[in-house]
$ cat target_17.csv   # CSV, C-alpha atoms
chain,number,residue,atom,x,y,z
A,1,MET,CA,-21.4,-13.5,-7.5
A,2,SER,CA,-23.5,-12.3,-10.4
A,3,PRO,CA,-22.0,-10.0,-13.1
A,4,MET,CA,-24.5,-7.3,-12.2
A,5,ILE,CA,-23.5,-7.3,-8.5
A,6,THR,CA,-19.9,-7.3,-9.5
A,7,SER,CA,-20.4,-4.3,-11.8
A,8,ILE,CA,-22.2,-2.4,-9.0
A,9,LEU,CA,-19.4,-3.1,-6.5
A,10,ILE,CA,-16.7,-2.0,-9.0
A,11,LEU,CA,-18.7,1.1,-9.9
A,12,SER,CA,-19.0,1.9,-6.2
A,13,LEU,CA,-15.3,1.4,-5.7
A,14,ALA,CA,-14.6,3.9,-8.5
A,15,THR,CA,-17.2,6.3,-7.3
A,16,GLY,CA,-15.9,6.3,-3.7
A,17,THR,CA,-12.3,7.0,-4.8
A,18,ILE,CA,-13.4,9.8,-7.2
A,19,ILE,CA,-15.5,11.4,-4.5
A,20,THR,CA,-12.6,11.5,-2.2
A,21,MET,CA,-10.1,12.7,-4.8
A,22,ALA,CA,-12.5,15.5,-6.0
A,23,SER,CA,-13.6,16.8,-2.5
A,24,PHE,CA,-12.4,19.7,-0.5
A,25,HIS,CA,-14.8,19.1,2.4
A,26,TRP,CA,-13.9,16.6,5.1
A,27,LEU,CA,-17.3,15.1,5.2
A,28,LEU,CA,-17.3,14.4,1.5
A,29,ALA,CA,-13.9,12.9,1.7
A,30,TRP,CA,-15.0,10.7,4.6
A,31,MET,CA,-18.1,9.6,2.7
A,32,GLY,CA,-15.9,8.6,-0.3
A,33,LEU,CA,-13.6,6.5,2.0
A,34,GLU,CA,-16.6,4.8,3.6
A,35,LEU,CA,-18.2,4.0,0.2
A,36,ASN,CA,-14.8,2.6,-0.9
A,37,THR,CA,-14.5,0.4,2.1
A,38,LEU,CA,-18.0,-1.0,2.0
A,39,ALA,CA,-17.7,-1.8,-1.7
A,40,ILE,CA,-14.5,-3.8,-1.3
A,41,LEU,CA,-15.8,-6.0,1.5
A,42,PRO,CA,-18.0,-8.3,-0.6
A,43,ILE,CA,-15.3,-8.6,-3.2
A,44,ILE,CA,-12.8,-9.9,-0.6
A,45,SER,CA,-15.3,-12.4,0.9
A,46,LYS,CA,-17.0,-13.5,-2.2
A,47,SER,CA,-15.2,-17.0,-2.2
A,48,HIS,CA,-17.0,-17.8,1.2
A,49,HIS,CA,-13.8,-19.4,2.5
A,50,PRO,CA,-13.0,-18.9,6.2
A,51,ARG,CA,-9.8,-17.1,5.3
A,52,ALA,CA,-11.6,-14.7,3.0
A,53,THR,CA,-14.2,-14.0,5.7
A,54,GLU,CA,-11.5,-13.4,8.2
A,55,ALA,CA,-9.6,-11.1,5.8
A,56,SER,CA,-12.8,-9.0,5.1
A,57,THR,CA,-13.4,-8.7,8.9
A,58,LYS,CA,-9.9,-7.5,9.6
A,59,TYR,CA,-10.1,-5.1,6.7
A,60,PHE,CA,-13.4,-3.7,7.8
A,61,LEU,CA,-12.3,-3.2,11.5
A,62,THR,CA,-9.0,-1.5,10.5
A,63,GLN,CA,-10.6,0.8,7.9
A,64,ALA,CA,-13.5,1.7,10.1
A,65,ALA,CA,-11.2,2.7,12.9
A,66,ALA,CA,-9.1,4.8,10.5
A,67,SER,CA,-12.2,6.5,9.1
A,68,ALA,CA,-13.4,7.2,12.7
A,69,LEU,CA,-10.0,8.9,13.4
A,70,ILE,CA,-10.3,10.9,10.2
A,71,LEU,CA,-13.8,12.1,11.2
A,72,PHE,CA,-12.7,12.8,14.7
A,73,SER,CA,-9.7,14.9,13.5
A,74,SER,CA,-11.8,16.8,11.1
A,75,VAL,CA,-14.4,17.6,13.8
A,76,MET,CA,-11.7,18.7,16.1
A,77,ASN,CA,-10.2,21.0,13.4
A,78,ALA,CA,-13.6,22.4,12.6
A,79,GLN,CA,-14.3,23.1,16.3
A,80,ALA,CA,-10.9,25.0,16.6
A,81,THR,CA,-11.0,26.8,13.3
A,82,GLY,CA,-14.7,27.0,12.3
A,83,GLN,CA,-14.2,25.4,8.8
A,84,TRP,CA,-14.3,22.0,7.1
A,85,SER,CA,-11.9,22.6,4.3
A,86,ILE,CA,-9.2,19.9,3.7
A,87,LEU,CA,-6.7,22.6,2.9
A,88,GLN,CA,-7.1,24.4,6.2
A,89,LEU,CA,-5.9,21.8,8.7
A,90,GLU,CA,-4.4,24.0,11.4
A,91,ASN,CA,-5.0,22.2,14.7
A,92,PRO,CA,-1.7,20.4,15.7
A,93,LEU,CA,-3.5,17.5,17.4
A,94,ALA,CA,-5.9,17.1,14.4
A,95,GLN,CA,-2.8,17.0,12.1
A,96,THR,CA,-1.2,14.2,14.1
A,97,LEU,CA,-4.5,12.2,14.3
A,98,LEU,CA,-5.1,12.6,10.6
A,99,THR,CA,-1.5,11.4,9.8
A,100,VAL,CA,-2.0,8.3,12.0
A,101,ALA,CA,-5.4,7.6,10.4
A,102,LEU,CA,-4.1,7.9,6.8
A,103,ALA,CA,-1.1,5.7,7.8
A,104,MET,CA,-3.6,3.0,9.1
A,105,LYS,CA,-5.6,3.3,5.8
A,106,LEU,CA,-2.4,2.8,3.7
A,107,GLY,CA,-0.8,0.1,5.9
A,108,LEU,CA,2.3,2.0,7.1
A,109,ALA,CA,4.2,0.5,10.1
A,110,PRO,CA,3.4,0.2,12.9
A,111,THR,CA,-0.2,0.0,11.8
A,112,HIS,CA,0.6,-2.5,9.0
A,113,PHE,CA,-0.4,-5.8,10.6
A,114,TRP,CA,-3.7,-6.0,8.7
A,115,LEU,CA,-2.2,-5.8,5.2
A,116,PRO,CA,-0.3,-9.2,4.9
A,117,GLU,CA,-3.2,-11.1,6.5
A,118,VAL,CA,-5.9,-9.5,4.3
A,119,LEU,CA,-3.8,-10.1,1.1
A,120,GLN,CA,-3.2,-13.7,2.1
A,121,GLY,CA,-6.9,-14.3,2.6
A,122,SER,CA,-7.8,-12.6,-0.7
A,123,SER,CA,-7.5,-13.7,-4.3
A,124,PHE,CA,-4.7,-12.2,-6.5
A,125,LYS,CA,-7.3,-10.1,-8.4
A,126,THR,CA,-8.7,-8.7,-5.1
A,127,GLY,CA,-5.1,-8.2,-3.9
A,128,LEU,CA,-4.3,-6.2,-7.0
A,129,ILE,CA,-7.2,-3.9,-6.2
A,130,ILE,CA,-6.1,-3.5,-2.5
A,131,ILE,CA,-2.5,-2.6,-3.3
A,132,THR,CA,-3.2,-0.3,-6.2
A,133,TRP,CA,-6.7,1.3,-6.4
A,134,GLN,CA,-7.4,1.3,-2.7
A,135,LYS,CA,-4.3,3.4,-2.1
A,136,LEU,CA,-5.4,6.2,-4.3
A,137,ALA,CA,-7.9,7.9,-2.0
A,138,PRO,CA,-5.8,8.0,1.2
A,139,MET,CA,-2.7,9.0,-0.8
A,140,THR,CA,-4.8,11.9,-2.3
A,141,LEU,CA,-5.7,13.1,1.1
A,142,LEU,CA,-2.0,12.8,2.1
A,143,LEU,CA,-0.9,14.8,-1.0
A,144,LEU,CA,-3.6,17.5,-0.3
A,145,THR,CA,-2.4,17.9,3.3
A,146,TRP,CA,1.3,17.4,2.7
A,147,ASN,CA,2.3,20.8,3.9
A,148,GLN,CA,0.1,20.5,7.0
A,149,ALA,CA,0.6,16.9,8.1
A,150,SER,CA,2.9,16.0,10.9
A,151,MET,CA,6.4,15.8,9.3
A,152,LEU,CA,8.0,14.0,12.2
A,153,THR,CA,5.3,11.4,12.4
A,154,LEU,CA,5.3,10.7,8.6
A,155,THR,CA,9.1,10.5,8.5
A,156,VAL,CA,9.3,8.1,11.4
A,157,MET,CA,6.5,5.9,10.2
A,158,GLY,CA,7.9,5.9,6.6
A,159,SER,CA,11.4,5.0,7.7
A,160,LEU,CA,10.0,2.2,9.9
A,161,SER,CA,7.8,0.9,7.1
A,162,VAL,CA,10.8,0.5,4.8
A,163,VAL,CA,12.7,-1.5,7.5
A,164,VAL,CA,9.6,-3.6,8.4
A,165,GLY,CA,8.8,-4.2,4.8
A,166,GLY,CA,12.3,-5.5,4.1
A,167,LEU,CA,12.6,-7.7,7.2
A,168,GLY,CA,9.0,-9.1,7.0
A,169,GLY,CA,9.4,-10.4,3.5
A,170,LEU,CA,12.6,-12.3,4.1
A,171,ASN,CA,11.1,-15.5,5.5
A,172,GLN,CA,7.9,-15.6,3.4
A,173,THR,CA,7.1,-18.3,0.9
A,174,GLN,CA,3.6,-17.1,0.0
A,175,LEU,CA,3.8,-14.6,-2.8
A,176,ARG,CA,0.8,-12.6,-1.5
A,177,LYS,CA,2.6,-11.9,1.8
A,178,VAL,CA,5.8,-11.0,-0.1
A,179,ILE,CA,3.8,-8.5,-2.2
A,180,ALA,CA,2.1,-7.2,1.0
A,181,PHE,CA,5.5,-6.5,2.7
A,182,SER,CA,6.8,-5.0,-0.6
A,183,SER,CA,3.8,-2.7,-0.6
A,184,ILE,CA,4.6,-1.6,3.0
A,185,ALA,CA,8.2,-0.8,2.0
A,186,HIS,CA,7.1,1.2,-1.1
A,187,LEU,CA,4.5,3.1,0.9
A,188,GLY,CA,7.3,3.9,3.4
A,189,TRP,CA,9.3,5.6,0.6
A,190,MET,CA,6.2,7.7,-0.4
A,191,ALA,CA,5.5,8.7,3.2
A,192,THR,CA,9.1,9.7,3.8
A,193,ILE,CA,9.3,12.0,0.8
A,194,VAL,CA,5.8,13.4,0.7
A,195,THR,CA,6.5,16.2,3.2
A,196,LYS,CA,9.7,17.2,1.3
A,197,SER,CA,8.5,16.9,-2.3
A,198,ASN,CA,4.9,15.9,-3.1
A,199,LYS,CA,5.8,15.5,-6.8
A,200,LEU,CA,8.3,12.8,-5.9
A,201,ALA,CA,5.7,11.1,-3.7
A,202,LEU,CA,3.3,11.1,-6.7
A,203,LEU,CA,6.0,9.7,-8.9
A,204,ASN,CA,6.7,6.9,-6.4
A,205,LEU,CA,3.0,6.0,-6.3
A,206,THR,CA,2.7,6.1,-10.1
A,207,MET,CA,5.7,3.9,-10.7
A,208,TYR,CA,4.7,1.5,-8.0
A,209,ILE,CA,1.2,1.0,-9.6
A,210,LEU,CA,2.7,0.7,-13.1
A,211,ILE,CA,5.1,-2.0,-12.0
A,212,SER,CA,2.9,-3.9,-9.5
A,213,THR,CA,0.0,-4.2,-11.9
A,214,PRO,CA,1.7,-6.2,-14.7
A,215,MET,CA,3.5,-8.2,-12.0
A,216,MET,CA,0.3,-9.2,-10.4
A,217,LEU,CA,-1.3,-9.9,-13.8
A,218,SER,CA,1.6,-12.2,-14.7
A,219,LEU,CA,1.2,-14.1,-11.4
A,220,ILE,CA,-2.6,-14.4,-12.1
A,221,PHE,CA,-2.0,-15.6,-15.6
A,222,SER,CA,0.5,-18.3,-14.6
A,223,SER,CA,-1.5,-19.3,-11.5
A,224,THR,CA,1.6,-18.8,-9.2
A,225,LYS,CA,0.9,-18.6,-5.5
A,226,THR,CA,4.1,-19.7,-3.8
A,227,THR,CA,7.9,-19.6,-4.4
A,228,GLN,CA,7.7,-23.2,-5.2
A,229,ASP,CA,5.3,-22.5,-8.1
A,230,LEU,CA,7.8,-20.1,-9.6
A,231,THR,CA,10.1,-23.0,-10.5
A,232,THR,CA,7.4,-24.4,-12.8
A,233,THR,CA,6.4,-21.2,-14.5
A,234,TRP,CA,8.3,-21.9,-17.7
A,235,THR,CA,6.2,-25.0,-18.4
A,236,THR,CA,3.0,-23.0,-18.7
A,237,SER,CA,4.3,-19.6,-20.0
A,238,PRO,CA,8.0,-19.6,-21.2
A,239,MET,CA,7.8,-16.1,-22.6
A,240,LEU,CA,6.3,-14.7,-19.4
A,241,ALA,CA,8.9,-16.1,-17.1
A,242,PRO,CA,11.9,-13.8,-18.0
A,243,LEU,CA,9.6,-10.8,-18.2
A,244,THR,CA,8.2,-11.6,-14.7
A,245,MET,CA,11.7,-11.9,-13.4
A,246,MET,CA,12.7,-8.5,-14.8
A,247,THR,CA,9.5,-7.0,-13.3
A,248,LEU,CA,10.3,-8.4,-9.9
A,249,LEU,CA,13.8,-6.9,-10.1
A,250,SER,CA,12.4,-3.6,-11.2
A,251,LEU,CA,10.0,-3.6,-8.2
A,252,GLY,CA,13.0,-4.2,-6.0
A,253,GLY,CA,14.7,-1.1,-7.4
A,254,LEU,CA,17.6,-2.8,-9.1
A,255,PRO,CA,19.3,-0.4,-11.6
A,256,PRO,CA,19.0,0.2,-14.5
A,257,LEU,CA,15.3,-0.9,-14.4
A,258,SER,CA,12.3,1.5,-13.9
A,259,GLY,CA,11.9,0.8,-10.2
A,260,PHE,CA,15.3,2.4,-9.5
A,261,MET,CA,14.2,5.8,-10.9
A,262,PRO,CA,11.9,6.9,-8.0
A,263,LYS,CA,14.3,5.7,-5.4
A,264,TRP,CA,17.2,7.5,-7.1
A,265,LEU,CA,15.3,10.8,-7.2
A,266,THR,CA,14.1,10.4,-3.6
A,267,LEU,CA,17.6,9.8,-2.3
A,268,GLU,CA,18.9,12.7,-4.4
A,269,GLU,CA,16.2,15.0,-2.9
A,270,LEU,CA,17.0,13.9,0.7
A,271,LEU,CA,20.7,14.5,0.1
A,272,ALA,CA,19.9,18.0,-1.3
A,273,GLN,CA,18.0,18.8,1.9
A,274,ASN,CA,20.9,17.7,4.1
A,275,MET,CA,19.2,14.5,5.3
A,276,THR,CA,22.1,12.2,4.7
A,277,PRO,CA,21.4,9.9,7.7
A,278,LEU,CA,17.8,9.3,6.6
A,279,ALA,CA,18.9,8.7,3.0
A,280,THR,CA,21.6,6.3,4.1
A,281,MET,CA,19.1,4.3,6.3
A,282,LEU,CA,16.5,4.1,3.4
A,283,ALA,CA,19.2,3.0,1.0
A,284,MET,CA,20.5,0.3,3.4
A,285,SER,CA,16.9,-0.9,4.3
A,286,THR,CA,15.8,-1.3,0.7
A,287,LEU,CA,18.6,-3.8,0.2
A,288,LEU,CA,16.6,-6.2,2.4
A,289,SER,CA,13.6,-5.9,-0.1
A,290,LEU,CA,16.0,-6.3,-3.0
A,291,PHE,CA,17.3,-9.5,-1.5
A,292,PHE,CA,14.0,-11.4,-1.4
A,293,TYR,CA,13.2,-10.1,-4.9
A,294,LEU,CA,16.6,-11.5,-6.1
A,295,ARG,CA,15.6,-14.8,-4.4
A,296,LEU,CA,12.3,-14.9,-6.3
A,297,SER,CA,14.0,-13.9,-9.5
A,298,TYR,CA,16.5,-16.8,-9.0
A,299,SER,CA,13.6,-19.2,-8.7
A,300,LEU,CA,12.4,-18.0,-12.1
A,301,SER,CA,15.9,-17.8,-13.7
A,302,VAL,CA,16.5,-21.5,-12.9
A,303,THR,CA,13.6,-22.4,-15.2
A,304,VAL,CA,14.0,-19.8,-17.9
A,305,SER,CA,16.4,-22.1,-19.9
A,306,PRO,CA,15.5,-25.6,-18.8
A,307,SER,CA,17.1,-28.8,-20.3
A,308,PRO,CA,15.3,-30.0,-23.4
A,309,THR,CA,12.8,-32.8,-22.8
A,310,LYS,CA,10.8,-35.1,-25.1
A,311,THR,CA,7.5,-34.2,-23.6
A,312,SER,CA,5.2,-31.8,-25.4
A,313,SER,CA,5.0,-28.3,-24.0
A,314,LYS,CA,1.9,-27.2,-22.1
A,315,TRP,CA,2.2,-23.6,-23.2
A,316,ARG,CA,1.2,-23.9,-26.8
A,317,LEU,CA,-2.0,-22.0,-26.4
A,318,LYS,CA,-3.7,-19.4,-28.5
A,319,PRO,CA,-2.9,-15.8,-27.5
A,320,ASN,CA,-5.7,-14.1,-25.7
A,321,THR,CA,-6.4,-10.6,-24.3
A,322,SER,CA,-4.3,-11.3,-21.1
A,323,THR,CA,-1.2,-12.2,-23.1
A,324,LEU,CA,-1.5,-9.2,-25.3
A,325,LEU,CA,-2.0,-6.9,-22.3
A,326,LEU,CA,1.0,-8.4,-20.5
A,327,SER,CA,3.2,-8.2,-23.6
A,328,ILE,CA,2.6,-4.4,-23.6
A,329,ALA,CA,2.5,-3.7,-19.9
A,330,LEU,CA,5.6,-5.7,-18.8
A,331,PRO,CA,8.2,-4.0,-21.0
A,332,SER,CA,6.7,-0.6,-20.3
A,333,SER,CA,7.1,-1.2,-16.5
A,334,ILE,CA,10.8,-2.2,-17.0
A,335,LEU,CA,12.2,0.3,-19.4
A,336,ALA,CA,11.3,3.7,-18.1
A,337,LEU,CA,14.7,4.7,-16.6
A,338,PRO,CA,15.8,6.8,-19.6
A,339,LEU,CA,12.9,9.2,-18.8
A,340,THR,CA,14.6,10.1,-15.5
A,341,PRO,CA,15.9,13.5,-16.6
A,342,LEU,CA,12.3,14.5,-17.5
A,343,MET,CA,11.0,13.5,-14.1
A,344,LYS,CA,13.3,15.8,-12.0
A,345,PRO,CA,11.2,18.4,-10.1
$ encode --input "target_17.csv" --output "C-alpha cells"
Amino acid sequence: MSPMITSILILSLATGTIITMASFHWLLAWMGLELNTLAILPIISKSHHPRATEASTKYFLTQAAASALILFSSVMNAQATGQWSILQLENPLAQTLLTVALAMKLGLAPTHFWLPEVLQGSSFKTGLIIITWQKLAPMTLLLLTWNQASMLTLTVMGSLSVVVGGLGGLNQTQLRKVIAFSSIAHLGWMATIVTKSNKLALLNLTMYILISTPMMLSLIFSSTKTTQDLTTTWTTSPMLAPLTMMTLLSLGGLPPLSGFMPKWLTLEELLAQNMTPLATMLAMSTLLSLFFYLRLSYSLSVTVSPSPTKTSSKWRLKPNTSTLLLSIALPSSILALPLTPLMKP
C-alpha cells in the first residue's frame, strides 16, 4: 500500500471519528461511523493474506449490521418524537436497539464473537487501532446517551462481558486473542458503570487506552506474537521485558499499578449505590483476567534475569524513536495510582 493511500485512510479514520464525536444529529453520527468502518477495511486486509481478508469481511458484516440497527433506532425515535437529536432518545424500543447496536460496535458479550477473530487476522498495528481508536466513536455515543440508554441491558451485557473476557482468555496462546478477550472484559467494566457514573466510564476508557497503547507498542517492537515468544523477549530487548511485564500486570488491575485505579473507583461507586452483588461479581470475575496476565508476566519474568552466557547479545542496537517513545509511555502507564484522589467524582 502506497504512503499516499495509507495517509488518506488514516485521515478518513480520524475524520469519521471526529464527525461522530462532534455531531448531535443521528444521521451525521451514522455517517461518521460508516466512514470509520470503510476506512479501516483496507487497513485490515492490506497484507492480502486469507486470514486478513476473512477478518476484514467479518468486521464489515458486523459493523454494517450494527450501523443498520443504529439507523433503524434513530428513524424509529424520529417517527415517535419528530426529532433527530441524539440527546432526545425517548422511545423505549429505540433505546434498547441503540444499546444493542453500540454493544455490537464495541464488542460486548454476547455480540463479541467477531473481535477475537478480527484481531487474530490483523497485524498488531491494525489491532492497536481496533482496540483503541475504533472504540472512541461508539463510546462517545454511549456517553452522550448514558441517561437514556437501557440500564438493564447495559448492566447485563457489561457483567457478561467481564465474565466472558476472563474465561475466554484462559486457554489462549496467541497474544492477539488474549488482548481481544482483555478488551472485552475492560469494555464490560465501562458498560457496567456508564449508566451510574459517566465520568468513571470515561476514566476507564482513558486508562485502558493509556495502558494498552504502550503494551501493544512493546509487543510490536519485540516482534512477540505468542506466549512462547515472550520467553525469548530478553534476548532482543532486555530493558523492555520488565516494563512489559509491569504493563501487563497493570492492564490486569493488580494493585498498586495504574490499572487498579479505575476498577477501585468503579467498585467504590457500585458499593455506594447499594449494588454489592454486582460489585462482588465484577471483582471475582476480574480475577480470571488477572490470572492469565500473571501467566504472561511469569513467562517474561523467567527471562528477565537469565543465566550469563558467552554469546554476544542481540539487543545492542542504537536507540530509535520507538525505544524513546516506549521509555516514556510505559512508566506513565504504570505509575498513575497516586493520582487516584484527584480522580474521584
$ atom_distance --input "target_17.csv" --atom1 "atom CA of Ile70 of chain A" --atom2 "atom CA of Ala101 of chain A"
5.9 Å
$ atom_distance --input "target_17.csv" --atom1 "atom CA of Thr37 of chain A" --atom2 "atom CA of Val162 of chain A"
25.4 Å
$ residues_around --input "target_17.csv" --residues "Ser23 of chain A" --least-positions-apart "4" --cutoff "10 Å" --atoms "all atoms listed in the file" --output "PyMOL selection string"
chain A and resi 18-19+27-32+85-86+141
$ closest_atom_pairs --input "target_17.csv" --of "segment 202-256 of chain A" --to "segment 126-138 of chain A" --cutoff "12 Å" --atoms "all atoms listed in the file" --output "CSV"
residue,atom,partner,partner_atom,distance
A:Leu202,CA,A:Leu136,CA,10.3
A:Leu205,CA,A:Leu136,CA,8.6
A:Thr206,CA,A:Thr132,CA,9.5
A:Met207,CA,A:Thr132,CA,10.8
A:Tyr208,CA,A:Thr132,CA,8.3
A:Ile209,CA,A:Thr132,CA,5.7
A:Leu210,CA,A:Thr132,CA,9.1
A:Ile211,CA,A:Thr132,CA,10.3
A:Ser212,CA,A:Thr132,CA,7.8
A:Thr213,CA,A:Leu128,CA,6.8
A:Pro214,CA,A:Leu128,CA,9.8
A:Met215,CA,A:Leu128,CA,9.5
A:Met216,CA,A:Leu128,CA,6.5
A:Leu217,CA,A:Leu128,CA,8.3
A:Ser218,CA,A:Leu128,CA,11.4
A:Leu219,CA,A:Leu128,CA,10.6
A:Ile220,CA,A:Leu128,CA,9.8
$ closest_atom_pairs --input "target_17.csv" --of "segment 11-45 of chain A" --to "segment 104-123 of chain A" --cutoff "9 Å" --atoms "all atoms listed in the file" --output "JSON lines"
{"residue": "A:Ile43", "atom": "CA", "partner": "A:Ser122", "partner_atom": "CA", "distance": 8.9}
{"residue": "A:Ile44", "atom": "CA", "partner": "A:Ser122", "partner_atom": "CA", "distance": 5.7}
{"residue": "A:Ser45", "atom": "CA", "partner": "A:Ser122", "partner_atom": "CA", "distance": 7.7}
$ closest_residue --input "target_17.csv" --among "A:Ala55, A:Leu142, A:Leu160, A:Ala279" --to "Leu87 of chain A" --atoms "all atoms listed in the file"
A:Leu142
$ decode --input "target_17.csv" --residues "segment 80-105 of chain A" --atoms "N, CA and C atoms" --output "PDB file, in the first residue's frame"
ATOM      1  N   ALA A  80     -41.390   8.658  16.294  1.00  0.00           N
ATOM      2  CA  ALA A  80     -42.197   8.768  17.510  1.00  0.00           C
ATOM      3  C   ALA A  80     -42.157  10.171  18.109  1.00  0.00           C
ATOM      4  N   THR A  81     -41.004  10.836  17.999  1.00  0.00           N
ATOM      5  CA  THR A  81     -40.838  12.130  18.672  1.00  0.00           C
ATOM      6  C   THR A  81     -40.762  13.310  17.720  1.00  0.00           C
ATOM      7  N   GLY A  82     -40.460  13.053  16.433  1.00  0.00           N
ATOM      8  CA  GLY A  82     -40.370  14.136  15.464  1.00  0.00           C
ATOM      9  C   GLY A  82     -39.058  14.886  15.493  1.00  0.00           C
ATOM     10  N   GLN A  83     -38.001  14.309  16.067  1.00  0.00           N
ATOM     11  CA  GLN A  83     -36.708  14.987  16.110  1.00  0.00           C
ATOM     12  C   GLN A  83     -35.580  13.969  15.979  1.00  0.00           C
ATOM     13  N   TRP A  84     -34.419  14.458  15.479  1.00  0.00           N
ATOM     14  CA  TRP A  84     -33.264  13.613  15.213  1.00  0.00           C
ATOM     15  C   TRP A  84     -32.124  13.879  16.192  1.00  0.00           C
ATOM     16  N   SER A  85     -32.377  14.573  17.259  1.00  0.00           N
ATOM     17  CA  SER A  85     -31.308  14.905  18.201  1.00  0.00           C
ATOM     18  C   SER A  85     -30.859  13.665  18.973  1.00  0.00           C
ATOM     19  N   ILE A  86     -29.552  13.516  19.136  1.00  0.00           N
ATOM     20  CA  ILE A  86     -29.007  12.382  19.887  1.00  0.00           C
ATOM     21  C   ILE A  86     -29.410  12.468  21.355  1.00  0.00           C
ATOM     22  N   LEU A  87     -29.554  13.680  21.860  1.00  0.00           N
ATOM     23  CA  LEU A  87     -29.852  13.873  23.272  1.00  0.00           C
ATOM     24  C   LEU A  87     -31.328  13.686  23.598  1.00  0.00           C
ATOM     25  N   GLN A  88     -32.163  13.411  22.591  1.00  0.00           N
ATOM     26  CA  GLN A  88     -33.600  13.262  22.814  1.00  0.00           C
ATOM     27  C   GLN A  88     -34.058  11.873  22.369  1.00  0.00           C
ATOM     28  N   LEU A  89     -33.449  10.866  22.923  1.00  0.00           N
ATOM     29  CA  LEU A  89     -33.817   9.486  22.611  1.00  0.00           C
ATOM     30  C   LEU A  89     -34.848   9.025  23.648  1.00  0.00           C
ATOM     31  N   GLU A  90     -36.118   9.089  23.283  1.00  0.00           N
ATOM     32  CA  GLU A  90     -37.190   8.866  24.255  1.00  0.00           C
ATOM     33  C   GLU A  90     -37.975   7.593  24.011  1.00  0.00           C
ATOM     34  N   ASN A  91     -37.916   7.026  22.820  1.00  0.00           N
ATOM     35  CA  ASN A  91     -38.657   5.802  22.531  1.00  0.00           C
ATOM     36  C   ASN A  91     -37.990   4.608  23.208  1.00  0.00           C
ATOM     37  N   PRO A  92     -38.701   3.835  24.040  1.00  0.00           N
ATOM     38  CA  PRO A  92     -38.070   2.723  24.783  1.00  0.00           C
ATOM     39  C   PRO A  92     -37.468   1.654  23.869  1.00  0.00           C
ATOM     40  N   LEU A  93     -38.177   1.292  22.792  1.00  0.00           N
ATOM     41  CA  LEU A  93     -37.648   0.280  21.878  1.00  0.00           C
ATOM     42  C   LEU A  93     -36.409   0.793  21.161  1.00  0.00           C
ATOM     43  N   ALA A  94     -36.425   2.077  20.782  1.00  0.00           N
ATOM     44  CA  ALA A  94     -35.248   2.676  20.142  1.00  0.00           C
ATOM     45  C   ALA A  94     -34.060   2.702  21.100  1.00  0.00           C
ATOM     46  N   GLN A  95     -34.304   2.939  22.379  1.00  0.00           N
ATOM     47  CA  GLN A  95     -33.226   2.921  23.361  1.00  0.00           C
ATOM     48  C   GLN A  95     -32.587   1.543  23.464  1.00  0.00           C
ATOM     49  N   THR A  96     -33.399   0.494  23.507  1.00  0.00           N
ATOM     50  CA  THR A  96     -32.870  -0.872  23.595  1.00  0.00           C
ATOM     51  C   THR A  96     -32.111  -1.248  22.330  1.00  0.00           C
ATOM     52  N   LEU A  97     -32.667  -0.909  21.145  1.00  0.00           N
ATOM     53  CA  LEU A  97     -31.992  -1.224  19.885  1.00  0.00           C
ATOM     54  C   LEU A  97     -30.654  -0.497  19.777  1.00  0.00           C
ATOM     55  N   LEU A  98     -30.627   0.768  20.201  1.00  0.00           N
ATOM     56  CA  LEU A  98     -29.376   1.522  20.152  1.00  0.00           C
ATOM     57  C   LEU A  98     -28.335   0.920  21.092  1.00  0.00           C
ATOM     58  N   THR A  99     -28.774   0.491  22.273  1.00  0.00           N
ATOM     59  CA  THR A  99     -27.846  -0.115  23.220  1.00  0.00           C
ATOM     60  C   THR A  99     -27.235  -1.392  22.649  1.00  0.00           C
ATOM     61  N   VAL A 100     -28.067  -2.229  22.029  1.00  0.00           N
ATOM     62  CA  VAL A 100     -27.565  -3.468  21.425  1.00  0.00           C
ATOM     63  C   VAL A 100     -26.628  -3.152  20.255  1.00  0.00           C
ATOM     64  N   ALA A 101     -26.962  -2.142  19.449  1.00  0.00           N
ATOM     65  CA  ALA A 101     -26.122  -1.779  18.300  1.00  0.00           C
ATOM     66  C   ALA A 101     -24.754  -1.274  18.750  1.00  0.00           C
ATOM     67  N   LEU A 102     -24.730  -0.407  19.764  1.00  0.00           N
ATOM     68  CA  LEU A 102     -23.447   0.093  20.263  1.00  0.00           C
ATOM     69  C   LEU A 102     -22.643  -1.023  20.916  1.00  0.00           C
ATOM     70  N   ALA A 103     -23.326  -1.966  21.585  1.00  0.00           N
ATOM     71  CA  ALA A 103     -22.626  -3.117  22.159  1.00  0.00           C
ATOM     72  C   ALA A 103     -21.989  -3.964  21.063  1.00  0.00           C
ATOM     73  N   MET A 104     -22.678  -4.109  19.934  1.00  0.00           N
ATOM     74  CA  MET A 104     -22.108  -4.852  18.807  1.00  0.00           C
ATOM     75  C   MET A 104     -20.928  -4.105  18.215  1.00  0.00           C
ATOM     76  N   LYS A 105     -21.034  -2.790  18.128  1.00  0.00           N
ATOM     77  CA  LYS A 105     -19.913  -1.987  17.627  1.00  0.00           C
ATOM     78  C   LYS A 105     -18.686  -2.139  18.514  1.00  0.00           C
TER      79      LYS A 105
END
